[in-house]
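Participant: Okay, so here is structure.txt, and as you'll see once you scroll down, it has compact mmCIF, C-alpha atoms.
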```txt
# COMPACT_ATOMS: atom_id res chain seq x y z
CA MET A 1 24.89 -6.77 8.37
CA SER A 2 28.41 -5.52 8.25
CA ASP A 3 30.95 -8.23 8.66
CA PRO A 4 34.20 -6.44 8.09
CA LYS A 5 37.25 -8.63 7.89
CA ILE A 6 40.39 -6.73 7.04
CA GLU A 7 43.73 -8.50 7.41
CA GLY A 8 45.83 -7.28 10.29
CA LEU A 9 43.31 -4.69 11.39
CA ALA A 10 41.05 -5.07 14.40
CA LEU A 11 37.97 -2.88 14.09
CA LYS A 12 36.83 -1.35 17.34
CA PRO A 13 33.14 -1.24 18.20
CA GLY A 14 31.09 1.74 19.37
CA PHE A 15 31.93 5.43 19.11
CA LYS A 16 35.68 4.80 19.23
CA GLY A 17 35.27 2.56 16.21
CA MET A 18 33.20 5.23 14.53
CA ALA A 19 35.93 7.83 15.04
CA GLU A 20 38.51 5.45 13.58
CA ASP A 21 36.32 4.43 10.64
CA THR A 22 35.55 8.04 9.80
CA SER A 23 39.14 9.18 9.94
CA SER A 24 40.61 6.15 8.24
CA ASP A 25 41.95 5.76 4.74
CA GLN A 26 40.01 3.97 2.04
CA THR A 27 36.40 3.22 2.87
CA MET A 28 34.55 4.87 5.72
CA PHE A 29 31.76 2.31 5.93
CA LYS A 30 33.79 -0.79 6.75
CA GLY A 31 32.34 -4.00 5.43
CA VAL A 32 29.35 -2.27 3.84
CA HIS A 33 28.85 -2.97 0.17
CA TRP A 34 29.04 0.29 -1.83
CA GLY A 35 25.62 -0.38 -3.34
CA LYS A 36 24.16 -0.63 0.13
CA ALA A 37 25.82 2.58 1.28
CA MET A 38 24.49 4.36 -1.81
CA MET A 39 21.00 3.02 -1.21
CA TRP A 40 21.15 4.36 2.35
CA ILE A 41 22.27 7.79 1.10
CA PHE A 42 19.41 7.77 -1.39
CA LEU A 43 16.94 6.79 1.32
CA LEU A 44 18.26 9.61 3.50
CA SER A 45 17.56 12.13 0.74
CA ASP A 46 14.14 10.56 0.22
CA THR A 47 13.50 10.98 3.93
CA PHE A 48 14.04 14.70 3.49
CA ILE A 49 11.55 14.83 0.60
CA PHE A 50 8.85 13.02 2.55
CA SER A 51 9.61 15.14 5.62
CA CYS A 52 9.09 18.29 3.55
CA PHE A 53 5.72 16.97 2.40
CA LEU A 54 4.62 16.04 5.89
CA ILE A 55 5.88 19.31 7.38
CA SER A 56 4.09 21.36 4.73
CA TYR A 57 0.98 19.30 5.48
CA MET A 58 1.38 20.16 9.17
CA LYS A 59 1.79 23.82 8.28
CA GLY A 60 -1.21 23.80 5.94
CA ARG A 61 -3.46 21.98 8.36
CA GLY A 62 -2.39 24.10 11.31
CA SER A 63 -2.76 27.45 9.63
CA THR A 64 -6.22 27.10 8.10
CA PRO A 65 -9.09 28.67 10.06
CA VAL A 66 -11.53 26.28 8.29
CA GLU A 67 -12.43 22.96 9.93
CA TRP A 68 -10.19 20.07 8.75
CA PRO A 69 -12.12 17.05 7.37
CA ASN A 70 -12.32 14.21 9.90
CA PRO A 71 -10.17 11.47 8.34
CA SER A 72 -11.86 8.64 10.22
CA GLU A 73 -15.16 9.64 8.54
CA VAL A 74 -13.74 10.55 5.14
CA PHE A 75 -11.88 7.22 4.88
CA ALA A 76 -14.64 5.11 6.40
CA LEU A 77 -15.87 2.19 4.35
CA ASP A 78 -19.20 0.36 4.51
CA ALA A 79 -18.81 -3.24 5.63
CA PHE A 80 -22.12 -5.13 5.63
CA GLY A 81 -24.00 -1.84 5.77
CA VAL A 82 -22.08 -0.48 8.76
CA PRO A 83 -19.54 2.31 8.25
CA VAL A 84 -16.20 1.16 9.66
CA PRO A 85 -13.66 3.96 10.20
CA LEU A 86 -10.40 3.69 8.24
CA LEU A 87 -11.19 0.10 7.24
CA LEU A 88 -9.36 0.18 3.92
CA ILE A 89 -6.41 2.09 5.39
CA ALA A 90 -6.05 -0.49 8.16
CA ILE A 91 -6.05 -3.34 5.64
CA MET A 92 -3.49 -1.49 3.52
CA THR A 93 -1.28 -1.06 6.58
CA PHE A 94 -1.44 -4.76 7.38
CA VAL A 95 -0.74 -5.73 3.77
CA LEU A 96 2.33 -3.48 3.68
CA ILE A 97 3.65 -4.83 6.98
CA THR A 98 3.11 -8.38 5.75
CA SER A 99 5.12 -7.64 2.62
CA SER A 100 7.81 -6.03 4.74
CA GLY A 101 8.07 -9.20 6.81
CA THR A 102 8.35 -11.44 3.75
CA MET A 103 11.06 -9.12 2.40
CA ALA A 104 13.05 -9.37 5.63
CA LEU A 105 12.87 -13.17 5.40
CA ALA A 106 13.84 -13.04 1.72
CA VAL A 107 17.02 -11.18 2.68
CA LYS A 108 17.78 -13.77 5.33
CA TYR A 109 17.28 -16.70 2.96
CA GLY A 110 19.25 -14.87 0.29
CA TYR A 111 22.28 -14.69 2.53
CA GLU A 112 21.85 -18.38 3.26
CA LYS A 113 21.93 -18.93 -0.53
CA ASN A 114 18.52 -20.58 -0.38
CA ARG A 115 17.47 -19.66 -3.90
CA LYS A 116 13.94 -21.10 -3.92
CA MET A 117 12.84 -19.65 -0.59
CA CYS A 118 14.37 -16.28 -1.40
CA GLY A 119 12.66 -16.19 -4.79
CA TRP A 120 9.23 -17.12 -3.47
CA LEU A 121 9.47 -14.58 -0.67
CA VAL A 122 10.51 -11.78 -3.03
CA LEU A 123 7.58 -12.77 -5.26
CA ALA A 124 5.22 -12.72 -2.25
CA THR A 125 6.52 -9.25 -1.39
CA ALA A 126 5.85 -8.08 -4.94
CA ILE A 127 2.30 -9.41 -4.81
CA GLY A 128 1.73 -7.71 -1.45
CA GLY A 129 2.95 -4.43 -2.92
CA LEU A 130 0.70 -4.86 -5.94
CA THR A 131 -2.28 -5.44 -3.65
CA PHE A 132 -1.40 -2.25 -1.80
CA VAL A 133 -1.24 -0.20 -5.00
CA GLY A 134 -4.54 -1.70 -6.13
CA MET A 135 -6.26 -0.71 -2.90
CA GLN A 136 -4.77 2.75 -3.13
CA ALA A 137 -6.16 3.12 -6.66
CA PHE A 138 -9.55 2.10 -5.29
CA GLU A 139 -9.26 4.66 -2.49
CA TRP A 140 -8.30 7.43 -4.91
CA SER A 141 -11.15 6.68 -7.31
CA LYS A 142 -13.62 6.56 -4.43
CA LEU A 143 -12.53 9.97 -3.15
CA ILE A 144 -12.43 11.50 -6.63
CA HIS A 145 -15.94 10.15 -7.14
CA GLU A 146 -17.03 11.87 -3.93
CA GLY A 147 -15.74 15.17 -5.27
CA VAL A 148 -12.34 15.46 -3.64
CA ARG A 149 -10.04 17.58 -5.80
CA PRO A 150 -6.65 19.13 -5.10
CA TRP A 151 -8.38 22.53 -4.87
CA GLU A 152 -11.68 21.65 -3.16
CA ASN A 153 -13.60 18.93 -1.35
CA PRO A 154 -17.06 18.60 0.18
CA PHE A 155 -15.80 17.77 3.69
CA GLY A 156 -13.93 20.86 4.87
CA ALA A 157 -10.67 22.74 4.37
CA ALA A 158 -9.71 22.93 0.69
CA GLN A 159 -6.05 22.07 1.40
CA PHE A 160 -7.06 18.52 2.38
CA GLY A 161 -7.24 17.31 -1.22
CA SER A 162 -3.93 18.71 -2.35
CA PHE A 163 -2.04 17.23 0.60
CA PHE A 164 -3.83 13.92 0.24
CA PHE A 165 -3.07 13.48 -3.45
CA MET A 166 0.49 14.77 -3.13
CA ILE A 167 1.55 12.67 -0.15
CA THR A 168 -0.22 9.39 -0.90
CA GLY A 169 0.54 9.83 -4.59
CA PHE A 170 4.25 10.21 -3.99
CA HIS A 171 4.22 7.23 -1.64
CA GLY A 172 2.20 5.18 -4.12
CA THR A 173 4.75 6.00 -6.82
CA HIS A 174 7.48 4.65 -4.58
CA VAL A 175 5.48 1.47 -3.99
CA SER A 176 4.83 1.04 -7.72
CA ILE A 177 8.51 1.42 -8.59
CA GLY A 178 9.32 -1.02 -5.80
CA VAL A 179 6.83 -3.56 -7.16
CA ILE A 180 8.38 -3.38 -10.64
CA PHE A 181 11.83 -3.99 -9.20
CA LEU A 182 10.58 -6.76 -6.92
CA PHE A 183 9.19 -8.65 -9.92
CA ILE A 184 12.45 -8.18 -11.83
CA TYR A 185 14.51 -9.33 -8.85
CA ALA A 186 12.22 -12.29 -8.21
CA TYR A 187 12.96 -13.37 -11.77
CA LYS A 188 16.69 -12.81 -11.26
CA VAL A 189 16.71 -14.87 -8.07
CA PHE A 190 14.82 -17.77 -9.66
CA ALA A 191 17.07 -17.61 -12.73
CA GLY A 192 20.04 -18.03 -10.41
CA HIS A 193 21.80 -14.78 -11.31
CA TYR A 194 23.00 -14.36 -7.75
CA ASP A 195 24.38 -17.87 -7.49
CA SER A 196 26.29 -17.68 -10.78
CA GLY A 197 27.37 -14.06 -10.30
CA LYS A 198 25.78 -12.90 -13.56
CA ARG A 199 26.21 -9.19 -14.18
CA GLY A 200 23.21 -6.87 -14.12
CA TRP A 201 22.50 -4.01 -16.55
CA PHE A 202 24.67 -0.90 -16.66
CA THR A 203 27.04 -2.33 -14.10
CA SER A 204 30.22 -4.30 -13.85
CA MET A 205 29.04 -5.53 -10.43
CA LYS A 206 28.74 -9.28 -10.21
CA GLY A 207 25.36 -10.59 -9.12
CA ASP A 208 25.27 -11.27 -5.40
CA TYR A 209 22.59 -11.76 -2.80
CA VAL A 210 23.59 -8.43 -1.27
CA GLU A 211 21.39 -6.92 -4.01
CA ILE A 212 18.40 -8.50 -2.31
CA GLU A 213 19.35 -6.71 0.88
CA ILE A 214 19.66 -3.41 -1.02
CA LEU A 215 16.24 -3.94 -2.56
CA GLY A 216 14.98 -4.87 0.90
CA LEU A 217 16.24 -1.57 2.31
CA TYR A 218 14.19 0.30 -0.28
CA TRP A 219 11.11 -1.77 0.42
CA HIS A 220 11.36 -1.38 4.21
CA PHE A 221 11.75 2.35 3.68
CA VAL A 222 8.48 2.42 1.75
CA ASP A 223 6.87 0.67 4.72
CA LEU A 224 8.58 3.10 7.10
CA VAL A 225 7.16 6.12 5.26
CA TRP A 226 3.71 4.57 5.41
CA VAL A 227 4.03 4.30 9.20
CA PHE A 228 4.43 8.09 9.33
CA ILE A 229 1.71 8.80 6.77
CA PHE A 230 -0.67 6.48 8.61
CA ALA A 231 0.02 8.27 11.90
CA PHE A 232 -0.02 11.87 10.71
CA PHE A 233 -2.48 11.86 7.85
CA TYR A 234 -5.02 9.18 8.73
CA LEU A 235 -4.98 8.96 12.50
CA TRP A 236 -4.11 12.49 13.64
CA MET B 1 33.47 -15.09 21.70
CA SER B 2 35.41 -17.11 19.16
CA GLU B 3 35.85 -15.97 15.59
CA THR B 4 33.48 -18.57 14.12
CA ASP B 5 30.68 -17.66 16.53
CA LYS B 6 30.98 -14.04 15.55
CA GLN B 7 30.83 -14.88 11.88
CA ASP B 8 27.67 -16.92 12.31
CA GLN B 9 26.06 -14.08 14.16
CA THR B 10 26.86 -11.32 11.72
CA THR B 11 26.23 -12.89 8.32
CA THR B 12 22.74 -14.19 9.02
CA HIS B 13 20.31 -14.02 11.88
CA LYS B 14 17.97 -16.58 13.34
CA ILE B 15 14.50 -16.61 11.83
CA GLY B 16 12.97 -16.11 15.28
CA ILE B 17 14.05 -12.50 15.56
CA TYR B 18 12.34 -11.60 12.25
CA LEU B 19 9.14 -13.38 13.21
CA TRP B 20 9.11 -11.64 16.59
CA ILE B 21 9.54 -8.20 15.03
CA TRP B 22 6.94 -9.05 12.41
CA GLY B 23 4.44 -10.05 15.09
CA LEU B 24 5.22 -6.95 17.14
CA LEU B 25 4.61 -4.74 14.11
CA PHE B 26 1.21 -6.35 13.62
CA VAL B 27 0.29 -5.86 17.25
CA LEU B 28 1.47 -2.23 17.27
CA SER B 29 -0.44 -1.48 14.07
CA PHE B 30 -3.51 -3.04 15.60
CA PHE B 31 -3.11 -0.85 18.69
CA SER B 32 -2.69 2.31 16.65
CA TYR B 33 -5.84 1.40 14.72
CA MET B 34 -7.63 0.91 18.04
CA VAL B 35 -6.72 4.51 18.95
CA ASP B 36 -9.02 5.57 16.13
CA TRP B 37 -11.57 2.85 16.75
CA TYR B 38 -12.22 3.96 20.34
CA GLN B 39 -12.04 7.62 19.29
CA PHE B 40 -9.57 8.76 21.94
CA GLN B 41 -9.21 12.52 21.70
CA GLY B 42 -6.78 15.23 22.69
CA MET B 43 -3.39 14.64 24.23
CA LEU B 44 -4.08 10.94 24.87
CA ARG B 45 -4.75 10.35 21.17
CA TRP B 46 -1.70 12.27 19.97
CA SER B 47 0.70 10.76 22.47
CA LEU B 48 -0.52 7.21 21.71
CA ILE B 49 -0.24 7.78 17.95
CA LEU B 50 3.30 9.12 18.31
CA PHE B 51 4.30 6.35 20.72
CA PHE B 52 3.17 3.53 18.42
CA MET B 53 4.57 5.32 15.37
CA PHE B 54 8.08 5.73 16.78
CA LEU B 55 8.08 2.19 18.15
CA LYS B 56 7.13 0.77 14.74
CA ALA B 57 9.61 2.97 12.89
CA GLY B 58 12.36 2.02 15.33
CA LEU B 59 11.68 -1.71 15.02
CA ILE B 60 11.66 -1.57 11.22
CA MET B 61 14.90 0.41 11.05
CA ALA B 62 16.74 -1.50 13.76
CA PHE B 63 15.91 -5.07 12.74
CA PHE B 64 14.37 -5.22 9.26
CA MET B 65 16.87 -2.68 7.92
CA HIS B 66 19.64 -4.17 10.09
CA LEU B 67 20.77 -0.86 11.59
CA PHE B 68 21.06 -2.55 14.98
CA TRP B 69 23.88 -4.67 13.59
CA GLU B 70 25.64 -1.99 11.56
CA ARG B 71 28.75 -0.12 12.63
CA TYR B 72 28.27 3.26 14.26
CA ALA B 73 29.90 5.06 11.32
CA LEU B 74 26.89 4.21 9.15
CA VAL B 75 24.24 4.50 11.86
CA ASN B 76 25.32 7.99 12.88
CA VAL B 77 25.59 9.27 9.33
CA LEU B 78 21.99 8.19 8.84
CA LEU B 79 20.42 9.27 12.11
CA TRP B 80 22.01 12.67 12.83
CA PRO B 81 20.50 14.46 9.81
CA MET B 82 17.11 13.72 11.41
CA THR B 83 17.86 16.44 13.96
CA ALA B 84 17.78 18.94 11.08
CA ILE B 85 14.27 17.71 10.28
CA ALA B 86 13.28 18.06 13.94
CA CYS B 87 14.53 21.69 13.90
CA PHE B 88 12.56 22.32 10.72
CA ILE B 89 9.41 20.95 12.38
CA PHE B 90 9.79 23.34 15.32
CA LEU B 91 10.37 26.28 12.97
CA MET B 92 7.26 25.45 10.99
CA VAL B 93 5.14 25.05 14.13
CA ALA B 94 6.00 28.64 15.03
CA GLU B 95 5.28 29.61 11.43
CA TYR B 96 1.81 28.04 11.24
CA GLN B 97 0.79 29.56 14.53
CA TYR B 98 1.80 32.98 13.23
CA THR B 99 -0.01 32.38 9.90
CA LEU B 100 -3.17 31.29 11.67
CA PHE B 101 -2.98 34.32 13.95
CA THR B 102 -2.62 36.80 11.08
CA ARG B 103 -5.41 35.12 9.12
CA LEU B 104 -7.84 35.25 12.02
CA PHE B 105 -6.74 38.78 12.84
CA TYR B 106 -7.35 40.16 9.34
CA PHE B 107 -10.49 38.10 8.70
CA PHE B 108 -12.26 39.19 11.85
CA VAL B 109 -10.62 42.38 13.04
CA GLY B 110 -9.71 43.79 9.66
CA GLY B 111 -6.64 45.77 8.66
```
Can you present the structure in this file as C-alpha cells?

Facilitator:
Amino acid sequence: MSDPKIEGLALKPGFKGMAEDTSSDQTMFKGVHWGKAMMWIFLLSDTFIFSCFLISYMKGRGSTPVEWPNPSEVFALDAFGVPVPLLLIAIMTFVLITSSGTMALAVKYGYEKNRKMCGWLVLATAIGGLTFVGMQAFEWSKLIHEGVRPWENPFGAAQFGSFFFMITGFHGTHVSIGVIFLFIYAYKVFAGHYDSGKRGWFTSMKGDYVEIEILGLYWHFVDLVWVFIFAFFYLW
Amino acid sequence: MSETDKQDQTTTHKIGIYLWIWGLLFVLSFFSYMVDWYQFQGMLRWSLILFFMFLKAGLIMAFFMHLFWERYALVNVLLWPMTAIACFIFLMVAEYQYTLFTRLFYFFVGG
C-alpha cells in the first residue's frame, strides 16, 4: 500500500514510473517501508527455496520407473467408517485460508489504528496457524505409524517419503515460526506498542502498524506456498 | 481525482474487497478439492489443478499481499525472477525424461 508523498515531486504511474523510480537517487521503492521491502526480498529468496524443493520433487517423481503412491488414497481419512479422500488436507487448506483472511483484515484494521480489532484478528490468525500445525503433526504421526519413512513406504516409490517429509516439514516449520511471531505481535498490538511507537528488540525502529503488514506478508506467503504444495503434492 | 480521495484509497481499502477475495479463495479451494473428489484424470485434471492454483496464488498476491496497489518498481522486482524458476522447470523436465529413459533402458535392455 505505497502512498508516496515527496515534496515537489510527482511520481508517475506504470512502467514510466518504474523507470524513473529505478534510476532515481535515494530509495528505489518509493513510499515502501524498508522493513516491508526487506520482507519481500526475503520472501523472494524463500520462493526460490520452495521452488527447488518442488522442482526436485517433480524430477524425482517423473524419473522413477516405480508406481507413485496415489495421494488421494494415502491421505484418505475415515469419516464415520467411510474413507474420504484428502479429508484432512482439505480441512487444513480451509483453516489456512481462513487464517489468511483474518490476517488481511488485521492489516486493514491496523492501518485504521483500530487496536482491539487488529489484536483479536492477529490472535485469531495465530490460533488458525496453531490448528494447522496440530493437524499436520497428526498427519505425520499417522503416516509414520503406517510405515512411511524417508527411505521407504508401503505404498509405492521410495522417494515419496523423502519428498513428503522434506516439503511439508519445511512448510510446517515456516508455519510454526509464523505462529510464534503472531502470538508475540498479538501481545504487542494489545499492549499498544504500535500506538505509542514503542521500540522493538534489536532495532531503533519505532513501533508502527506497518509491522503488522510486514508480518501479514510473511503469513500470506505461507498460505501461498501451501496453495502450490496442495496442487502439486496432494492433488497431482 | 482530488488529493484527499487518492489518500483515502491508498492508505486503507474497503472491507468488502477483502471479504470478496476471501470468499473467492474458499470457492476456488472447494473446486480444486472437487477435482480430486470426482477423480478427473489426465489433461483435464492437470489443467484444472493448475488453473485453480494460479488463480488462488494470483488473488492472494494481488490483494492480500497488496501487490495490485504497489508501484511497478516493486512488483517487477518481485515477479521477473519467477521466469528463472520457469526456465529451471523446463530444464528439469528434460532432465527427468532423460533419467527415466536411461533407467528403463539399462534395467530392461542392459548395458

Participant: Would you mind listing, for every residue of chain B within 7 Å of chain A, the two atoms forming the shortest contact and the distance between them in Å to one decimal, using all atoms listed in the file, sorted by chain and ascending residue number, as a Markdown table?

Facilitator:
```
| residue | atom | partner | partner_atom | distance |
| --- | --- | --- | --- | --- |
| B:Thr10 | CA | A:Asp3 | CA | 6.0 |
| B:Thr11 | CA | A:Met1 | CA | 6.3 |
| B:Thr12 | CA | A:Lys108 | CA | 6.2 |
| B:Trp22 | CA | A:Gly101 | CA | 5.7 |
| B:Phe26 | CA | A:Phe94 | CA | 7.0 |
| B:Tyr33 | CA | A:Ala90 | CA | 6.8 |
| B:Asp36 | CA | A:Leu235 | CA | 6.4 |
| B:Trp37 | CA | A:Pro85 | CA | 7.0 |
| B:Trp46 | CA | A:Trp236 | CA | 6.8 |
| B:Ile49 | CA | A:Ala231 | CA | 6.1 |
| B:Met53 | CA | A:Val227 | CA | 6.3 |
| B:Ala57 | CA | A:Leu224 | CA | 5.9 |
| B:Ile60 | CA | A:Leu224 | CA | 6.9 |
| B:Phe64 | CA | A:Ala104 | CA | 5.7 |
| B:Met65 | CA | A:Leu217 | CA | 5.8 |
| B:His66 | CA | A:Met1 | CA | 6.1 |
| B:Trp69 | CA | A:Met1 | CA | 5.7 |
| B:Glu70 | CA | A:Ser2 | CA | 5.6 |
| B:Arg71 | CA | A:Ser2 | CA | 7.0 |
| B:Tyr72 | CA | A:Met18 | CA | 5.3 |
| B:Ala73 | CA | A:Met18 | CA | 4.6 |
| B:Leu74 | CA | A:Phe29 | CA | 6.1 |
| B:Leu78 | CA | A:Leu44 | CA | 6.7 |
| B:Ile89 | CA | A:Ile55 | CA | 6.3 |
| B:Met92 | CA | A:Lys59 | CA | 6.3 |
| B:Val93 | CA | A:Lys59 | CA | 6.9 |
| B:Tyr96 | CA | A:Ser63 | CA | 4.9 |
| B:Gln97 | CA | A:Ser63 | CA | 6.4 |
| B:Thr99 | CA | A:Ser63 | CA | 5.7 |
| B:Leu100 | CA | A:Ser63 | CA | 4.4 |
| B:Leu104 | CA | A:Pro65 | CA | 7.0 |
```

Participant: So the first atom is CA of Val175 (chain A) and the second is CA of Thr125 (chain A); what is the distance between them in Å, to one decimal place?

Facilitator: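 About the pair CA of Val175 (chain A) and CA of Thr125 (chain A): they are 11.1 Å apart.
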
Participant: For a test of reading the model, state the distance in Å between CA of Met92 (chain A) and CA of Val133 (chain A), rounded to one decimal.

Facilitator: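 Between these atoms lies a distance of 8.9 Å.
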
Participant: Between CA of Leu9 (chain A) and CA of Met38 (chain A), measure the distance and give it in Å to one decimal.

Facilitator: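 Result for CA of Leu9 (chain A) versus CA of Met38 (chain A): 24.7 Å, one decimal.
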
Participant: I'd like the contact shell of Val95 (chain A) - 8 Å cut-off, all atoms listed in the file, skipping same-chain residues fewer than 5 positions apart - returned as an MDAnalysis selection string.

Facilitator: chainID A and resid 128:129 131:132
